[in-house]
Structure formats: structure tokens, C-alpha cells
Amino acid sequence: MSEIVSGQGGTIVPLDDVEMYLTAGEWPWAVENRERIDAHWLRLKAEKPALFNGQVLVMCESRIADRRLTGRYIATDYASFLAMRDFGVPAPGTGNCFAMAALRAADGAFVLGVMGEHTANAGKAYFPAGTPDLADVRPDGRVDLLGSVGRELVEETGLGAGDVTIGDGWTAVLDGARLALMRPVQSELPAETLVARIRHFLAAEAEPELADVRLVRRAADIDPATMPPFLQRYLRHVLG
């Protein structure tokens, strides 16, 4: 993938590097809308008691030039992050920038996880991924998105660094306020063996984040009902 391609579901941009930093301070929008955010959070918690209001990172500035993404995050609580998702983006340049492990089996099938019922995105199918948080911030303030890929892969599938090969570069999918950063992750196992291994891991977890695993071998396997537009866009581009 060497060119910028636009279409339904977002614009695809190849990147050689990503350099995002954490900026200090509180997110002004969250401060100004605290009462509305808290009321929304109470409704969500009533529906899904397992939700946890921890600290996450929201993109507050970004720029892509010369195959490089640079920008800043600001820390906020998960309640404010979900309010941004559900109310709409509060200001230009604000959004959700996250990294995904574009996991692929040895026979070429992509491997996606179906989110569990207790999660905020229940029933949706994604690559292993998560919203960046303070654990991803290095001492110099840089947000380690490649580290986030590895961490989320282990947490969701049980696959560690010795089980996969993480490729070079990123593929960004820009879809409104969402900026998804795909990193190629290759397994040496065929699809069915890989799926069985992940399901075995999920069965041993007390409360796994994933409810199941799904394979995408060809464009016909893409499910618009469960896969978000930006992910459909990426898969169609890669699969041709």
C-alpha cells in the first residue's frame, strides 16, 4: 500500500512513523460538560456495570506530512471519552487516535475479535486494539502506540511477542474524528489453528474482553453489521 486512497469508510494513508506526545492539563471540554458527561456515564453503567472509568488519552492535535503522523493527546476519564463518542466531536482536531494489531494468519486470513457483552462496543468485530492510556506514555512524554499494539494483543488474545512478527510501518485510516492506525502482525499458524489457540485462551479467562473470534479471508467475509466502516475500508483495500 503506497498511495493515499479515499473512499467510503475513510481515507487510507501509509505512514513510516508516528510521533504523538501527551500534553499536560485537563481537557477543557470535559471540564465544561462535567454534569452532562456524568449523567451519561450513570446511564451507561446501569446498562453495563463492568465499565471502568479509568484515564484514557484523547487526541487534541494531529498532522500528517511526508508519511509521518505527529500530534498530541490529552488525558481524560473514560466517561468523557464515551461522551465524545456518543455526543459528537466537541472541537476540530479532537478525536480518537488508536493503534490496532492487524493480525493475519499464515494462510492470509485476517483474525478479528468480537467484543464481549460487558464492553462498550459489545458485539462489534475489531482487530485487537484499545484506547491509549497513561500506561502507554514514556518518561519523555511520547505515547508508545507500538507498545499499545503488543499490550492489547496479549490482553485480548494471549499472543505475545514470541508468537507473532510485528511488521514495519503503519496504515492510517482517517474516518471523521477517528484515526485508526493499523500495524501488520503476522502469525506462523494457519487460521484455524490460530483461532483455536485464541479461543482456548478466552475460555481460561474469568472475564475475557472478547466473546469470540472471526476470520476474514475475502471481501465477501466483511460484515457491515458488526464491523465499523473504517475497518471495512481497510480490509477491502488490503484484500482487493
# chains A, B, ... in the order shown; residues from 1 in each chain; ligands from 1
$ residues_around --residues "stretch 154-161 of chain A" --least-positions-apart "6" --cutoff "7 Å" --atoms "only C-alpha atoms" --output "number ranges by chain"
A: 128, 198, 201, 209-210
$ write_last_selection --atoms "N, CA and C atoms" --output "mmCIF file, in the first residue's frame"
data_model
loop_
_atom_site.group_PDB
_atom_site.id
_atom_site.type_symbol
_atom_site.label_atom_id
_atom_site.label_comp_id
_atom_site.auth_asym_id
_atom_site.auth_seq_id
_atom_site.Cartn_x
_atom_site.Cartn_y
_atom_site.Cartn_z
ATOM 1 N N PRO A 128 -7.426 -6.646 17.496
ATOM 2 C CA PRO A 128 -7.039 -6.312 18.864
ATOM 3 C C PRO A 128 -6.568 -4.863 18.942
ATOM 4 N N ILE A 198 -6.593 -18.980 20.303
ATOM 5 C CA ILE A 198 -7.179 -17.796 20.931
ATOM 6 C C ILE A 198 -8.422 -18.174 21.730
ATOM 7 N N PHE A 201 -7.495 -19.605 24.992
ATOM 8 C CA PHE A 201 -7.100 -18.539 25.918
ATOM 9 C C PHE A 201 -8.328 -17.853 26.507
ATOM 10 N N GLU A 209 -12.151 -10.081 27.357
ATOM 11 C CA GLU A 209 -12.660 -8.907 26.652
ATOM 12 C C GLU A 209 -13.382 -9.305 25.374
ATOM 13 N N LEU A 210 -12.954 -10.417 24.772
ATOM 14 C CA LEU A 210 -13.561 -10.899 23.545
ATOM 15 C C LEU A 210 -14.544 -12.029 23.824
#
$ residues_around --residues "stretch 217-219 of chain A" --least-positions-apart "4" --cutoff "10 Å" --atoms "only C-alpha atoms" --output "PyMOL selection string"
chain A and resi 104-105+107-111+191+223+232+235-240
$ closest_residue --among "A:Arg68, A:Met100, A:Tyr21, A:His118" --to "A:Ala46" --atoms "only C-alpha atoms"
A:His118
$ select_by_dssp --residues "stretch 3-194 of chain A" --states "helix (DSSP H, G or I)" --output "ChimeraX atom specification"
/A:28-32,34-47,78-87,134-136,145-157,191-194
$ closest_residue --among "A:Thr226, A:Ser187, A:Thr70, A:Asn96" --to "A:Gly167" --atoms "only C-alpha atoms"
A:Ser187
$ closest_residue --among "A:Pro229, A:Gly147, A:Pro14, A:Leu22" --to "A:Leu134" --atoms "only C-alpha atoms"
A:Leu22
$ residues_around --residues "stretch 82-89 of chain A" --least-positions-apart "3" --cutoff "8 Å" --atoms "only C-alpha atoms" --output "VMD selection string"
chain A and resid 37 40 to 41 78 to 79 92 94 to 95 177
$ atom_distance --atom1 "atom CA of A:Gly93" --atom2 "atom CA of A:Ala75"
15.1 Å
$ residues_around --residues "A:Lys48" --least-positions-apart "5" --cutoff "10 Å" --atoms "only C-alpha atoms" --output "ChimeraX atom specification"
/A:42-43,117-120,122
$ write_last_selection --atoms "all heavy atoms" --output "PDB file, in the first residue's frame"
ATOM      1  N   LEU A  42     -23.667   7.487  34.128  1.00  0.00           N
ATOM      2  CA  LEU A  42     -24.562   6.734  35.007  1.00  0.00           C
ATOM      3  C   LEU A  42     -25.507   5.846  34.201  1.00  0.00           C
ATOM      4  O   LEU A  42     -25.787   4.710  34.589  1.00  0.00           O
ATOM      5  CB  LEU A  42     -25.352   7.687  35.903  1.00  0.00           C
ATOM      6  CG  LEU A  42     -24.562   8.366  37.029  1.00  0.00           C
ATOM      7  CD1 LEU A  42     -25.441   9.368  37.762  1.00  0.00           C
ATOM      8  CD2 LEU A  42     -23.999   7.327  37.998  1.00  0.00           C
ATOM      9  N   ARG A  43     -25.981   6.358  33.069  1.00  0.00           N
ATOM     10  CA  ARG A  43     -26.855   5.554  32.217  1.00  0.00           C
ATOM     11  C   ARG A  43     -26.102   4.364  31.629  1.00  0.00           C
ATOM     12  O   ARG A  43     -26.625   3.236  31.576  1.00  0.00           O
ATOM     13  CB  ARG A  43     -27.456   6.423  31.105  1.00  0.00           C
ATOM     14  CG  ARG A  43     -28.489   7.438  31.587  1.00  0.00           C
ATOM     15  CD  ARG A  43     -29.234   8.078  30.428  1.00  0.00           C
ATOM     16  NE  ARG A  43     -28.366   8.898  29.588  1.00  0.00           N
ATOM     17  CZ  ARG A  43     -28.137  10.198  29.797  1.00  0.00           C
ATOM     18  NH1 ARG A  43     -28.718  10.823  30.821  1.00  0.00           N
ATOM     19  NH2 ARG A  43     -27.364  10.875  28.982  1.00  0.00           N
ATOM     20  N   GLU A 117     -20.085  -8.859  25.779  1.00  0.00           N
ATOM     21  CA  GLU A 117     -21.301  -8.136  26.122  1.00  0.00           C
ATOM     22  C   GLU A 117     -21.081  -7.084  27.201  1.00  0.00           C
ATOM     23  O   GLU A 117     -21.839  -6.122  27.303  1.00  0.00           O
ATOM     24  CB  GLU A 117     -22.395  -9.108  26.558  1.00  0.00           C
ATOM     25  CG  GLU A 117     -23.022  -9.887  25.416  1.00  0.00           C
ATOM     26  CD  GLU A 117     -23.671  -8.964  24.394  1.00  0.00           C
ATOM     27  OE1 GLU A 117     -24.376  -8.021  24.792  1.00  0.00           O
ATOM     28  OE2 GLU A 117     -23.459  -9.184  23.185  1.00  0.00           O
ATOM     29  N   HIS A 118     -20.069  -7.253  28.039  1.00  0.00           N
ATOM     30  CA  HIS A 118     -19.832  -6.310  29.128  1.00  0.00           C
ATOM     31  C   HIS A 118     -19.052  -5.076  28.687  1.00  0.00           C
ATOM     32  O   HIS A 118     -18.852  -4.156  29.477  1.00  0.00           O
ATOM     33  CB  HIS A 118     -19.062  -7.007  30.257  1.00  0.00           C
ATOM     34  CG  HIS A 118     -17.695  -7.480  29.836  1.00  0.00           C
ATOM     35  ND1 HIS A 118     -17.519  -8.568  29.006  1.00  0.00           N
ATOM     36  CD2 HIS A 118     -16.454  -7.015  30.121  1.00  0.00           C
ATOM     37  CE1 HIS A 118     -16.227  -8.756  28.809  1.00  0.00           C
ATOM     38  NE2 HIS A 118     -15.557  -7.822  29.466  1.00  0.00           N
ATOM     39  N   THR A 119     -18.611  -5.029  27.422  1.00  0.00           N
ATOM     40  CA  THR A 119     -17.794  -3.923  26.940  1.00  0.00           C
ATOM     41  C   THR A 119     -18.650  -2.828  26.302  1.00  0.00           C
ATOM     42  O   THR A 119     -19.824  -3.037  25.997  1.00  0.00           O
ATOM     43  CB  THR A 119     -16.763  -4.414  25.905  1.00  0.00           C
ATOM     44  OG1 THR A 119     -17.458  -4.809  24.706  1.00  0.00           O
ATOM     45  CG2 THR A 119     -15.960  -5.588  26.446  1.00  0.00           C
ATOM     46  N   ALA A 120     -18.028  -1.670  26.069  1.00  0.00           N
ATOM     47  CA  ALA A 120     -18.747  -0.535  25.481  1.00  0.00           C
ATOM     48  C   ALA A 120     -19.088  -0.758  24.018  1.00  0.00           C
ATOM     49  O   ALA A 120     -19.956  -0.074  23.474  1.00  0.00           O
ATOM     50  CB  ALA A 120     -17.917   0.742  25.637  1.00  0.00           C
ATOM     51  N   ALA A 122     -19.991  -3.873  22.587  1.00  0.00           N
ATOM     52  CA  ALA A 122     -20.453  -5.260  22.570  1.00  0.00           C
ATOM     53  C   ALA A 122     -20.947  -5.694  21.193  1.00  0.00           C
ATOM     54  O   ALA A 122     -21.694  -4.976  20.525  1.00  0.00           O
ATOM     55  CB  ALA A 122     -21.569  -5.436  23.592  1.00  0.00           C
TER      56      ALA A 122
END
$ closest_residue --among "A:Ile4, A:Val143, A:Leu189, A:Ala129" --to "A:Thr165" --atoms "only C-alpha atoms"
A:Leu189
$ atom_distance --atom1 "atom CA of A:Val173" --atom2 "atom CA of A:Asp212"
24.6 Å
$ residues_around --residues "A:Val149" --least-positions-apart "6" --cutoff "10 Å" --atoms "only C-alpha atoms" --output "PyMOL selection string"
chain A and resi 98-102+127-130+132+166+181-185
$ write_last_selection --atoms "N, CA, C and O atoms" --output "PDB file, in the first residue's frame"
ATOM      1  N   PHE A  98      -6.020   5.661  17.766  1.00  0.00           N
ATOM      2  CA  PHE A  98      -5.666   4.422  18.447  1.00  0.00           C
ATOM      3  C   PHE A  98      -4.964   3.481  17.479  1.00  0.00           C
ATOM      4  O   PHE A  98      -5.077   3.608  16.256  1.00  0.00           O
ATOM      5  N   ALA A  99      -4.225   2.517  18.046  1.00  0.00           N
ATOM      6  CA  ALA A  99      -3.473   1.557  17.240  1.00  0.00           C
ATOM      7  C   ALA A  99      -4.139   0.197  17.282  1.00  0.00           C
ATOM      8  O   ALA A  99      -4.684  -0.214  18.314  1.00  0.00           O
ATOM      9  N   MET A 100      -4.097  -0.516  16.157  1.00  0.00           N
ATOM     10  CA  MET A 100      -4.710  -1.841  16.052  1.00  0.00           C
ATOM     11  C   MET A 100      -3.697  -2.850  15.517  1.00  0.00           C
ATOM     12  O   MET A 100      -2.872  -2.520  14.654  1.00  0.00           O
ATOM     13  N   ALA A 101      -3.781  -4.064  16.043  1.00  0.00           N
ATOM     14  CA  ALA A 101      -2.948  -5.163  15.553  1.00  0.00           C
ATOM     15  C   ALA A 101      -3.679  -5.843  14.409  1.00  0.00           C
ATOM     16  O   ALA A 101      -4.610  -6.622  14.630  1.00  0.00           O
ATOM     17  N   ALA A 102      -3.279  -5.556  13.179  1.00  0.00           N
ATOM     18  CA  ALA A 102      -3.914  -6.167  12.000  1.00  0.00           C
ATOM     19  C   ALA A 102      -3.401  -7.598  11.872  1.00  0.00           C
ATOM     20  O   ALA A 102      -2.522  -7.911  11.060  1.00  0.00           O
ATOM     21  N   PHE A 127      -9.939  -5.656  15.096  1.00  0.00           N
ATOM     22  CA  PHE A 127      -8.616  -6.179  15.395  1.00  0.00           C
ATOM     23  C   PHE A 127      -8.331  -5.888  16.866  1.00  0.00           C
ATOM     24  O   PHE A 127      -8.907  -4.956  17.435  1.00  0.00           O
ATOM     25  N   PRO A 128      -7.426  -6.646  17.496  1.00  0.00           N
ATOM     26  CA  PRO A 128      -7.039  -6.312  18.864  1.00  0.00           C
ATOM     27  C   PRO A 128      -6.568  -4.863  18.942  1.00  0.00           C
ATOM     28  O   PRO A 128      -5.709  -4.424  18.175  1.00  0.00           O
ATOM     29  N   ALA A 129      -7.147  -4.117  19.875  1.00  0.00           N
ATOM     30  CA  ALA A 129      -6.853  -2.684  19.975  1.00  0.00           C
ATOM     31  C   ALA A 129      -7.393  -2.145  21.282  1.00  0.00           C
ATOM     32  O   ALA A 129      -8.172  -2.811  21.979  1.00  0.00           O
ATOM     33  N   GLY A 130      -7.008  -0.936  21.598  1.00  0.00           N
ATOM     34  CA  GLY A 130      -7.529  -0.274  22.784  1.00  0.00           C
ATOM     35  C   GLY A 130      -7.249   1.203  22.733  1.00  0.00           C
ATOM     36  O   GLY A 130      -6.335   1.653  22.033  1.00  0.00           O
ATOM     37  N   PRO A 132      -5.562   4.431  23.832  1.00  0.00           N
ATOM     38  CA  PRO A 132      -4.320   4.670  24.578  1.00  0.00           C
ATOM     39  C   PRO A 132      -4.618   5.215  25.971  1.00  0.00           C
ATOM     40  O   PRO A 132      -5.588   5.950  26.176  1.00  0.00           O
ATOM     41  N   ILE A 166       5.767  -8.592  14.256  1.00  0.00           N
ATOM     42  CA  ILE A 166       5.166  -7.286  14.014  1.00  0.00           C
ATOM     43  C   ILE A 166       5.908  -6.623  12.860  1.00  0.00           C
ATOM     44  O   ILE A 166       7.134  -6.454  12.902  1.00  0.00           O
ATOM     45  N   LEU A 181      -4.863   3.409  13.423  1.00  0.00           N
ATOM     46  CA  LEU A 181      -3.506   3.124  12.969  1.00  0.00           C
ATOM     47  C   LEU A 181      -3.300   1.612  12.943  1.00  0.00           C
ATOM     48  O   LEU A 181      -3.199   0.961  13.986  1.00  0.00           O
ATOM     49  N   MET A 182      -3.251   1.047  11.745  1.00  0.00           N
ATOM     50  CA  MET A 182      -3.110  -0.397  11.577  1.00  0.00           C
ATOM     51  C   MET A 182      -1.636  -0.785  11.491  1.00  0.00           C
ATOM     52  O   MET A 182      -0.885  -0.231  10.680  1.00  0.00           O
ATOM     53  N   ARG A 183      -1.249  -1.757  12.316  1.00  0.00           N
ATOM     54  CA  ARG A 183       0.114  -2.285  12.267  1.00  0.00           C
ATOM     55  C   ARG A 183       0.042  -3.752  11.852  1.00  0.00           C
ATOM     56  O   ARG A 183      -0.683  -4.549  12.467  1.00  0.00           O
ATOM     57  N   PRO A 184       0.763  -4.153  10.797  1.00  0.00           N
ATOM     58  CA  PRO A 184       0.703  -5.555  10.383  1.00  0.00           C
ATOM     59  C   PRO A 184       1.318  -6.478  11.428  1.00  0.00           C
ATOM     60  O   PRO A 184       2.426  -6.242  11.914  1.00  0.00           O
ATOM     61  N   VAL A 185       0.574  -7.516  11.795  1.00  0.00           N
ATOM     62  CA  VAL A 185       1.028  -8.514  12.765  1.00  0.00           C
ATOM     63  C   VAL A 185       0.802  -9.888  12.141  1.00  0.00           C
ATOM     64  O   VAL A 185      -0.322 -10.239  11.797  1.00  0.00           O
TER      65      VAL A 185
END
$ closest_residue --among "A:Ser80, A:Ala172, A:Val195, A:Ile222" --to "A:Ala39" --atoms "only C-alpha atoms"
A:Ser80
$ closest_residue --among "A:Gly113, A:Asp66, A:Phe230, A:Leu15" --to "A:Leu202" --atoms "only C-alpha atoms"
A:Gly113
$ select_by_dssp --residues "stretch 75-217 of chain A" --states "strand (DSSP E)" --output "compact mmCIF listing (two decimals) with N, CA and C atoms, in the first residue's frame"
# COMPACT_ATOMS: atom_id res chain seq x y z
N ALA A 75 -5.06 13.74 28.54
CA ALA A 75 -5.68 12.71 29.36
C ALA A 75 -7.06 13.15 29.83
N THR A 76 -7.97 12.19 29.90
CA THR A 76 -9.31 12.43 30.41
C THR A 76 -9.86 11.11 30.96
N ASP A 77 -11.05 11.15 31.52
CA ASP A 77 -11.64 9.92 32.02
C ASP A 77 -12.44 9.23 30.91
N ASN A 96 -10.42 10.34 18.35
CA ASN A 96 -9.94 9.07 18.88
C ASN A 96 -8.87 8.52 17.96
N CYS A 97 -7.63 8.56 18.42
CA CYS A 97 -6.50 8.04 17.65
C CYS A 97 -5.96 6.82 18.40
N PHE A 98 -6.02 5.66 17.77
CA PHE A 98 -5.67 4.42 18.45
C PHE A 98 -4.96 3.48 17.48
N ALA A 99 -4.23 2.52 18.05
CA ALA A 99 -3.47 1.56 17.24
C ALA A 99 -4.14 0.20 17.28
N MET A 100 -4.10 -0.52 16.16
CA MET A 100 -4.71 -1.84 16.05
C MET A 100 -3.70 -2.85 15.52
N ALA A 101 -3.78 -4.06 16.04
CA ALA A 101 -2.95 -5.16 15.55
C ALA A 101 -3.68 -5.84 14.41
N ALA A 102 -3.28 -5.56 13.18
CA ALA A 102 -3.91 -6.17 12.00
C ALA A 102 -3.40 -7.60 11.87
N LEU A 103 -3.96 -8.47 12.70
CA LEU A 103 -3.48 -9.84 12.86
C LEU A 103 -3.86 -10.70 11.65
N ARG A 104 -2.85 -11.39 11.11
CA ARG A 104 -3.07 -12.22 9.93
C ARG A 104 -2.44 -13.59 10.13
N PHE A 110 -7.37 -12.77 7.87
CA PHE A 110 -7.30 -11.81 8.96
C PHE A 110 -8.11 -12.34 10.13
N VAL A 111 -7.64 -12.05 11.35
CA VAL A 111 -8.28 -12.55 12.56
C VAL A 111 -8.78 -11.37 13.38
N LEU A 112 -10.10 -11.33 13.60
CA LEU A 112 -10.74 -10.26 14.35
C LEU A 112 -11.37 -10.83 15.61
N GLY A 113 -11.51 -10.00 16.63
CA GLY A 113 -12.18 -10.41 17.85
C GLY A 113 -13.56 -9.77 17.95
N VAL A 114 -14.52 -10.51 18.48
CA VAL A 114 -15.87 -9.99 18.71
C VAL A 114 -15.94 -9.55 20.17
N MET A 115 -16.26 -8.28 20.40
CA MET A 115 -16.24 -7.72 21.74
C MET A 115 -17.32 -8.34 22.63
N ALA A 125 -16.93 -6.30 15.83
CA ALA A 125 -15.72 -7.04 15.49
C ALA A 125 -14.59 -6.08 15.14
N TYR A 126 -13.46 -6.28 15.78
CA TYR A 126 -12.29 -5.41 15.59
C TYR A 126 -11.02 -6.25 15.58
N ALA A 129 -7.15 -4.12 19.87
CA ALA A 129 -6.85 -2.68 19.98
C ALA A 129 -7.39 -2.14 21.28
N GLY A 130 -7.01 -0.94 21.60
CA GLY A 130 -7.53 -0.27 22.78
C GLY A 130 -7.25 1.20 22.73
N VAL A 164 4.19 -13.96 17.34
CA VAL A 164 3.89 -13.22 16.12
C VAL A 164 5.09 -12.39 15.69
N THR A 165 5.02 -11.92 14.46
CA THR A 165 6.02 -10.97 13.96
C THR A 165 5.31 -9.66 13.65
N ILE A 166 5.77 -8.59 14.26
CA ILE A 166 5.17 -7.29 14.01
C ILE A 166 5.91 -6.62 12.86
N TRP A 170 2.93 1.82 9.32
CA TRP A 170 1.54 1.90 9.74
C TRP A 170 0.67 2.19 8.52
N THR A 171 -0.58 1.82 8.62
CA THR A 171 -1.58 2.27 7.65
C THR A 171 -2.65 3.02 8.44
N ALA A 172 -2.76 4.31 8.19
CA ALA A 172 -3.75 5.12 8.89
C ALA A 172 -5.06 5.11 8.09
N VAL A 173 -6.17 4.97 8.81
CA VAL A 173 -7.49 5.11 8.21
C VAL A 173 -8.16 6.30 8.89
N LEU A 174 -8.35 7.38 8.15
CA LEU A 174 -8.96 8.59 8.67
C LEU A 174 -10.45 8.57 8.34
N ASP A 175 -11.26 8.50 9.38
CA ASP A 175 -12.71 8.42 9.20
C ASP A 175 -13.36 9.41 10.17
N ARG A 178 -12.19 9.80 13.88
CA ARG A 178 -11.49 8.56 14.22
C ARG A 178 -10.26 8.41 13.35
N LEU A 179 -9.11 8.13 13.99
CA LEU A 179 -7.87 7.91 13.27
C LEU A 179 -7.33 6.56 13.74
N ALA A 180 -7.57 5.54 12.92
CA ALA A 180 -7.15 4.18 13.25
C ALA A 180 -5.80 3.90 12.62
N LEU A 181 -4.86 3.41 13.42
CA LEU A 181 -3.51 3.12 12.97
C LEU A 181 -3.30 1.61 12.94
N MET A 182 -3.25 1.05 11.75
CA MET A 182 -3.11 -0.40 11.58
C MET A 182 -1.64 -0.78 11.49
N ARG A 183 -1.25 -1.76 12.32
CA ARG A 183 0.11 -2.29 12.27
C ARG A 183 0.04 -3.75 11.85
N PRO A 184 0.76 -4.15 10.80
CA PRO A 184 0.70 -5.56 10.38
C PRO A 184 1.32 -6.48 11.43
N VAL A 185 0.57 -7.52 11.80
CA VAL A 185 1.03 -8.51 12.76
C VAL A 185 0.80 -9.89 12.14
N GLN A 186 1.87 -10.65 12.00
CA GLN A 186 1.81 -11.92 11.28
C GLN A 186 2.03 -13.11 12.21
N SER A 187 1.16 -14.11 12.09
CA SER A 187 1.34 -15.36 12.81
C SER A 187 1.83 -16.43 11.84
N LEU A 210 -12.95 -10.42 24.77
CA LEU A 210 -13.56 -10.90 23.54
C LEU A 210 -14.54 -12.03 23.82
N ALA A 211 -15.63 -12.04 23.06
CA ALA A 211 -16.60 -13.12 23.17
C ALA A 211 -16.30 -14.24 22.18
N ASP A 212 -15.63 -13.91 21.07
CA ASP A 212 -15.34 -14.92 20.06
C ASP A 212 -14.32 -14.35 19.08
N VAL A 213 -13.98 -15.14 18.09
CA VAL A 213 -13.00 -14.76 17.06
C VAL A 213 -13.65 -14.96 15.70
N ARG A 214 -13.31 -14.08 14.77
CA ARG A 214 -13.89 -14.15 13.44
C ARG A 214 -12.78 -14.05 12.39
N LEU A 215 -12.93 -14.79 11.29
CA LEU A 215 -11.95 -14.77 10.21
C LEU A 215 -12.49 -14.00 9.01
N VAL A 216 -11.60 -13.28 8.36
CA VAL A 216 -11.92 -12.59 7.11
C VAL A 216 -10.87 -13.02 6.09
